[in-house]
$ cat input11.pdb   # PDB, C-alpha atoms
ATOM      1  CA  MET A  19      16.852 -14.245   0.969
ATOM      2  CA  GLY A  20      18.767 -12.016   3.361
ATOM      3  CA  ASN A  21      17.330 -13.784   6.406
ATOM      4  CA  TYR A  22      18.775 -17.101   5.262
ATOM      5  CA  LYS A  23      22.271 -15.824   5.977
ATOM      6  CA  GLU A  24      21.397 -15.299   9.627
ATOM      7  CA  ASN A  25      20.916 -19.001  10.237
ATOM      8  CA  LYS A  26      23.534 -21.618   9.449
ATOM      9  CA  SER A  27      20.893 -24.367   9.168
ATOM     10  CA  ILE A  28      18.809 -22.374   6.688
ATOM     11  CA  LYS A  29      21.779 -21.994   4.319
ATOM     12  CA  VAL A  30      21.972 -25.729   3.694
ATOM     13  CA  ILE A  31      18.333 -26.105   2.647
ATOM     14  CA  LYS A  32      18.011 -27.053  -0.997
ATOM     15  CA  LYS A  33      17.624 -24.143  -3.426
ATOM     16  CA  GLU A  34      14.282 -25.454  -4.715
ATOM     17  CA  ILE A  35      12.789 -25.330  -1.205
ATOM     18  CA  LYS A  36      14.285 -21.877  -0.504
ATOM     19  CA  ASP A  37      12.835 -20.496  -3.719
ATOM     20  CA  LYS A  38       9.384 -21.923  -2.994
ATOM     21  CA  ALA A  39       9.490 -20.552   0.555
ATOM     22  CA  ASP A  40      10.505 -17.081  -0.625
ATOM     23  CA  SER A  41       7.866 -17.121  -3.349
ATOM     24  CA  LEU A  42       5.226 -18.124  -0.824
ATOM     25  CA  ILE A  43       6.298 -15.372   1.578
ATOM     26  CA  GLU A  44       6.073 -12.757  -1.199
ATOM     27  CA  LYS A  45       2.611 -13.958  -2.249
ATOM     28  CA  ASN A  46       1.462 -13.821   1.363
ATOM     29  CA  LYS A  47       2.745 -10.235   1.728
ATOM     30  CA  ILE A  48       0.884  -9.216  -1.434
ATOM     31  CA  LEU A  49      -2.248 -10.954  -0.145
ATOM     32  CA  LYS A  50      -2.096  -9.015   3.130
ATOM     33  CA  LYS A  51      -1.659  -5.729   1.222
ATOM     34  CA  TYR A  52      -4.681  -6.484  -0.956
ATOM     35  CA  GLU A  53      -6.795  -7.323   2.070
ATOM     36  CA  LYS A  54      -5.800  -4.062   3.779
ATOM     37  CA  SER A  55      -6.411  -2.056   0.614
ATOM     38  CA  GLN A  56      -9.983  -3.315   0.398
ATOM     39  CA  VAL A  57     -10.832  -1.662   3.693
ATOM     40  CA  LEU A  58      -8.731   1.462   3.203
ATOM     41  CA  VAL A  59      -9.869   2.292  -0.330
ATOM     42  CA  SER A  60     -13.510   1.707   0.568
ATOM     43  CA  THR A  61     -13.320   3.878   3.664
ATOM     44  CA  ILE A  62     -11.306   6.660   2.077
ATOM     45  CA  GLY A  63     -13.433   6.637  -1.078
ATOM     46  CA  ILE A  64     -16.750   6.957   0.706
ATOM     47  CA  LEU A  65     -15.585   9.355   3.430
ATOM     48  CA  GLY A  66     -13.734  11.475   0.878
ATOM     49  CA  THR A  67     -16.832  11.707  -1.275
ATOM     50  CA  LEU A  68     -18.983  12.617   1.721
ATOM     51  CA  LEU A  69     -16.505  15.304   2.714
ATOM     52  CA  TYR A  70     -16.365  16.621  -0.849
ATOM     53  CA  CYS A  71     -20.152  16.738  -1.047
ATOM     54  CA  PHE A  72     -20.391  18.569   2.281
ATOM     55  CA  LEU A  73     -17.749  21.103   1.285
ATOM     56  CA  THR A  74     -19.231  21.821  -2.149
ATOM     57  CA  ASN A  75     -22.825  21.876  -0.923
ATOM     58  CA  LYS A  76     -24.262  25.068   0.497
ATOM     59  CA  ASN A  77     -27.098  23.250   2.200
ATOM     60  CA  TYR A  78     -25.118  20.828   4.479
ATOM     61  CA  SER A  79     -27.880  18.262   4.670
ATOM     62  CA  ILE A  80     -27.637  14.509   4.297
ATOM     63  CA  ASN A  81     -30.684  14.464   2.014
ATOM     64  CA  GLU A  82     -28.875  16.754  -0.423
ATOM     65  CA  ILE A  83     -25.847  14.419  -0.482
ATOM     66  CA  TRP A  84     -28.011  11.364  -1.220
ATOM     67  CA  SER A  85     -29.267  13.114  -4.324
ATOM     68  CA  ARG A  86     -25.803  13.924  -5.748
ATOM     69  CA  TYR A  87     -24.322  11.796  -8.492
ATOM     70  CA  GLU A  88     -20.780  12.027  -7.012
ATOM     71  CA  PHE A  89     -21.845   9.996  -4.007
ATOM     72  CA  TYR A  90     -23.333   7.243  -6.153
ATOM     73  CA  GLY A  91     -20.308   7.333  -8.425
ATOM     74  CA  ALA A  92     -18.068   6.743  -5.407
ATOM     75  CA  LEU A  93     -20.261   3.853  -4.249
ATOM     76  CA  VAL A  94     -20.109   2.235  -7.683
ATOM     77  CA  PHE A  95     -16.331   2.725  -7.802
ATOM     78  CA  VAL A  96     -15.906   1.143  -4.361
ATOM     79  CA  LEU A  97     -18.119  -1.824  -5.295
ATOM     80  CA  ILE A  98     -16.242  -2.428  -8.548
ATOM     81  CA  TYR A  99     -12.875  -2.060  -6.810
ATOM     82  CA  ASN A 100     -13.895  -4.499  -4.071
ATOM     83  CA  ALA A 101     -15.149  -7.032  -6.620
ATOM     84  CA  ILE A 102     -11.876  -6.906  -8.556
ATOM     85  CA  ILE A 103      -9.717  -7.098  -5.441
ATOM     86  CA  GLU A 104     -11.850  -9.875  -3.941
ATOM     87  CA  LYS A 105     -11.330 -11.963  -7.059
ATOM     88  CA  ARG A 106      -7.554 -11.423  -6.813
ATOM     89  CA  VAL A 107      -7.581 -12.160  -3.062
ATOM     90  CA  LYS A 108      -9.365 -15.477  -3.622
ATOM     91  CA  SER A 109      -6.854 -16.409  -6.306
ATOM     92  CA  LEU A 110      -3.893 -15.506  -4.088
ATOM     93  CA  LYS A 111      -5.364 -17.366  -1.102
ATOM     94  CA  LYS A 112      -5.603 -20.506  -3.223
ATOM     95  CA  GLU A 113      -2.002 -20.054  -4.386
ATOM     96  CA  VAL A 114      -0.771 -19.520  -0.818
ATOM     97  CA  GLU A 115      -2.642 -22.569   0.471
ATOM     98  CA  LYS A 116      -1.343 -24.667  -2.406
ATOM     99  CA  GLY A 117       2.205 -23.405  -1.735
ATOM    100  CA  LYS A 118       1.917 -24.193   1.973
ATOM    101  CA  GLU A 119       0.721 -27.684   1.144
ATOM    102  CA  THR A 120       3.563 -28.186  -1.350
ATOM    103  CA  ILE A 121       6.204 -27.109   1.142
ATOM    104  CA  LYS A 122       4.610 -29.205   3.877
ATOM    105  CA  ASN A 123       4.709 -32.251   1.595
ATOM    106  CA  LYS A 124       8.321 -31.579   0.624
ATOM    107  CA  MET A 125       9.287 -31.272   4.300
ATOM    108  CA  ILE A 126       8.582 -34.984   4.655
ATOM    109  CA  LEU A 127      11.483 -35.586   2.280
ATOM    110  CA  LYS A 128      15.092 -34.578   2.807
ATOM    111  CA  ILE A 129      15.057 -30.795   2.354
ATOM    112  CA  CYS A 130      18.712 -30.110   3.063
ATOM    113  CA  ASP A 131      22.171 -31.342   2.208
ATOM    114  CA  CYS A 132      23.187 -32.129   5.785
ATOM    115  CA  ARG A 133      24.941 -35.449   6.233
ATOM    116  CA  GLU A 134      23.900 -35.994   9.830
ATOM    117  CA  CYS A 135      20.993 -35.219  12.125
ATOM    118  CA  CYS A 136      19.970 -31.589  11.722
ATOM    119  CA  TYR A 137      17.245 -29.113  12.578
ATOM    120  CA  CYS A 138      16.719 -27.743   9.075
ATOM    121  CA  LYS A 139      13.001 -28.524   9.011
ATOM    122  CA  GLU A 140      12.446 -26.720  12.298
ATOM    123  CA  GLU A 141      14.582 -23.803  11.113
ATOM    124  CA  LEU A 142      12.595 -23.529   7.879
ATOM    125  CA  ASN A 143       9.330 -23.624   9.802
ATOM    126  CA  GLU A 144      10.576 -20.903  12.180
ATOM    127  CA  TYR A 145      11.691 -18.785   9.234
ATOM    128  CA  MET A 146       8.280 -19.160   7.614
ATOM    129  CA  LYS A 147       6.452 -18.332  10.863
ATOM    130  CA  LYS A 148       8.625 -15.262  11.324
ATOM    131  CA  ASN A 149       7.532 -14.100   7.878
ATOM    132  CA  GLY A 150       3.827 -14.652   8.490
ATOM    133  CA  ILE A 151       3.245 -18.206   7.252
ATOM    134  CA  GLY A 152       3.273 -21.165   9.588
ATOM    135  CA  ILE A 153       3.748 -24.424   7.759
ATOM    136  CA  ILE A 154       3.430 -26.851  10.623
TER     137      ILE A 154
END
$ encode --input "input11.pdb" --output "structure tokens"
Amino acid sequence: MGNYKENKSIKVIKKEIKDKADSLIEKNKILKKYEKSQVLVSTIGILGTLLYCFLTNKNYSINEIWSRYEFYGALVFVLIYNAIIEKRVKSLKKEVEKGKETIKNKMILKICDCRECCYCKEELNEYMKKNGIGII
């Protein structure tokens, strides 16, 4: 909520809308971290296992690595990890889309306490875009 203080227009947006926007931004950040972790954990897990097998093997052949249980254990771990994370990513994507839709629908209504013509909706949209989620 620190970025709200930067903008005078953002400060007058109703607390309910601010809270939903901040919640949506946090969920989107978590979603991005999960998506990055899928690639990183998979890559590090498999390459680390290959490196371990090469370093502990006296033969240094690919055929020898294919026959080691550590390599298959790493593959199973990566597959299980990706399945679990993919399920969480799908769930978070649905929540983020639902949150975007909710905020978009609420932006039709009066979202601020301004008495006259204001740019609160544009300011909120800019704030959301700056934090990785474009509403409009």
$ axis_aligned_box --input "input11.pdb" --around "range 62-74 of chain A" --padding-each-side "6 Å" --output "lines of an AutoDock Vina configuration file"
center_x = -15.8
center_y = 14.2
center_z = 0.6
size_x = 21.1
size_y = 27.2
size_z = 17.6
$ resolve_selection --input "input11.pdb" --expression "the PyMOL selection byres ((chain A and resi 93) around 12)" --output "list of chain:residue names"
A:Val59, A:Ser60, A:Thr61, A:Ile62, A:Gly63, A:Ile64, A:Leu65, A:Gly66, A:Thr67, A:Leu68, A:Trp84, A:Arg86, A:Tyr87, A:Glu88, A:Phe89, A:Tyr90, A:Gly91, A:Ala92, A:Val94, A:Phe95, A:Val96, A:Leu97, A:Ile98, A:Tyr99, A:Asn100
$ atom_distance --input "input11.pdb" --atom1 "CA of Ser109 in chain A" --atom2 "CA of Ser55 in chain A"
15.9 Å
$ resolve_selection --input "input11.pdb" --expression "the PyMOL selection byres ((chain A and resi 44) around 12)" --output "VMD selection string"
chain A and resid 19 37 to 43 45 to 51 110 113 to 114 117 146 149 to 151
$ residues_around --input "input11.pdb" --residues "Gly152 in chain A" --least-positions-apart "4" --cutoff "10 Å" --atoms "all atoms listed in the file" --output "tab-separated table (two decimals) with C-alpha atoms, in the coordinates of the input"
chain	number	residue	atom	x	y	z
A	118	LYS	CA	1.92	-24.19	1.97
A	122	LYS	CA	4.61	-29.20	3.88
A	142	LEU	CA	12.60	-23.53	7.88
A	143	ASN	CA	9.33	-23.62	9.80
A	144	GLU	CA	10.58	-20.90	12.18
A	145	TYR	CA	11.69	-18.78	9.23
A	146	MET	CA	8.28	-19.16	7.61
A	147	LYS	CA	6.45	-18.33	10.86
A	148	LYS	CA	8.62	-15.26	11.32
$ closest_residue --input "input11.pdb" --among "A:Lys116, A:Glu140, A:Glu104, A:Asp131" --to "Lys54 in chain A" --atoms "only C-alpha atoms"
A:Glu104
$ closest_residue --input "input11.pdb" --among "A:Ile102, A:Cys71, A:Cys138, A:Ile31" --to "Gln56 in chain A" --atoms "only C-alpha atoms"
A:Ile102
$ atom_distance --input "input11.pdb" --atom1 "CA of Lys36 in chain A" --atom2 "CA of Glu53 in chain A"
25.7 Å
$ residues_around --input "input11.pdb" --residues "range 125-130 of chain A" --least-positions-apart "2" --cutoff "8 Å" --atoms "only C-alpha atoms" --output "ChimeraX atom specification"
/A:30-32,35,121-123,132,138-139
$ atom_distance --input "input11.pdb" --atom1 "CA of Lys112 in chain A" --atom2 "CA of Val57 in chain A"
20.7 Å
$ build_atoms --input "input11.pdb" --residues "range 54-81 of chain A" --atoms "N, CA and C atoms" --output "short mmCIF file (atom, residue, chain, number, x, y, z; two decimals), in the frame of the given file"
data_model
loop_
_atom_site.label_atom_id
_atom_site.label_comp_id
_atom_site.auth_asym_id
_atom_site.auth_seq_id
_atom_site.Cartn_x
_atom_site.Cartn_y
_atom_site.Cartn_z
N LYS A 54 -5.77 -5.37 3.13
CA LYS A 54 -5.80 -4.06 3.78
C LYS A 54 -6.33 -2.99 2.84
N SER A 55 -5.98 -3.08 1.56
CA SER A 55 -6.41 -2.06 0.61
C SER A 55 -7.92 -2.08 0.41
N GLN A 56 -8.53 -3.25 0.54
CA GLN A 56 -9.98 -3.32 0.40
C GLN A 56 -10.65 -2.40 1.41
N VAL A 57 -10.23 -2.46 2.64
CA VAL A 57 -10.83 -1.66 3.69
C VAL A 57 -10.46 -0.19 3.53
N LEU A 58 -9.19 0.08 3.29
CA LEU A 58 -8.73 1.46 3.20
C LEU A 58 -9.35 2.21 2.03
N VAL A 59 -9.33 1.61 0.85
CA VAL A 59 -9.87 2.29 -0.33
C VAL A 59 -11.36 2.52 -0.17
N SER A 60 -12.07 1.55 0.36
CA SER A 60 -13.51 1.71 0.57
C SER A 60 -13.80 2.85 1.54
N THR A 61 -13.10 2.85 2.65
CA THR A 61 -13.32 3.88 3.66
C THR A 61 -12.94 5.26 3.15
N ILE A 62 -11.77 5.36 2.57
CA ILE A 62 -11.31 6.66 2.08
C ILE A 62 -12.19 7.15 0.93
N GLY A 63 -12.58 6.25 0.05
CA GLY A 63 -13.43 6.64 -1.08
C GLY A 63 -14.77 7.20 -0.63
N ILE A 64 -15.43 6.50 0.27
CA ILE A 64 -16.75 6.96 0.71
C ILE A 64 -16.64 8.19 1.60
N LEU A 65 -15.72 8.18 2.56
CA LEU A 65 -15.58 9.36 3.43
C LEU A 65 -15.10 10.57 2.65
N GLY A 66 -14.20 10.36 1.71
CA GLY A 66 -13.73 11.48 0.88
C GLY A 66 -14.86 12.08 0.05
N THR A 67 -15.69 11.22 -0.50
CA THR A 67 -16.83 11.71 -1.27
C THR A 67 -17.82 12.46 -0.39
N LEU A 68 -18.09 11.92 0.80
CA LEU A 68 -18.98 12.62 1.72
C LEU A 68 -18.42 13.99 2.08
N LEU A 69 -17.14 14.04 2.37
CA LEU A 69 -16.50 15.30 2.71
C LEU A 69 -16.57 16.28 1.54
N TYR A 70 -16.28 15.78 0.35
CA TYR A 70 -16.36 16.62 -0.85
C TYR A 70 -17.78 17.16 -1.04
N CYS A 71 -18.76 16.30 -0.88
CA CYS A 71 -20.15 16.74 -1.05
C CYS A 71 -20.54 17.77 0.00
N PHE A 72 -20.09 17.58 1.23
CA PHE A 72 -20.39 18.57 2.28
C PHE A 72 -19.72 19.91 1.99
N LEU A 73 -18.48 19.85 1.53
CA LEU A 73 -17.75 21.10 1.28
C LEU A 73 -18.26 21.85 0.06
N THR A 74 -18.74 21.14 -0.94
CA THR A 74 -19.23 21.82 -2.15
C THR A 74 -20.72 22.12 -2.09
N ASN A 75 -21.39 21.67 -1.07
CA ASN A 75 -22.82 21.88 -0.92
C ASN A 75 -23.07 23.06 0.01
N LYS A 76 -23.96 23.92 -0.35
CA LYS A 76 -24.26 25.07 0.50
C LYS A 76 -25.32 24.73 1.54
N ASN A 77 -25.97 23.62 1.36
CA ASN A 77 -27.10 23.25 2.20
C ASN A 77 -26.67 22.45 3.44
N TYR A 78 -25.63 21.67 3.39
CA TYR A 78 -25.12 20.83 4.48
C TYR A 78 -26.14 19.85 5.03
N SER A 79 -26.92 19.26 4.19
CA SER A 79 -27.88 18.26 4.67
C SER A 79 -27.57 16.91 4.03
N ILE A 80 -27.87 15.87 4.78
CA ILE A 80 -27.64 14.51 4.30
C ILE A 80 -28.53 14.22 3.10
N ASN A 81 -29.76 14.71 3.13
CA ASN A 81 -30.68 14.46 2.01
C ASN A 81 -30.13 15.02 0.71
#
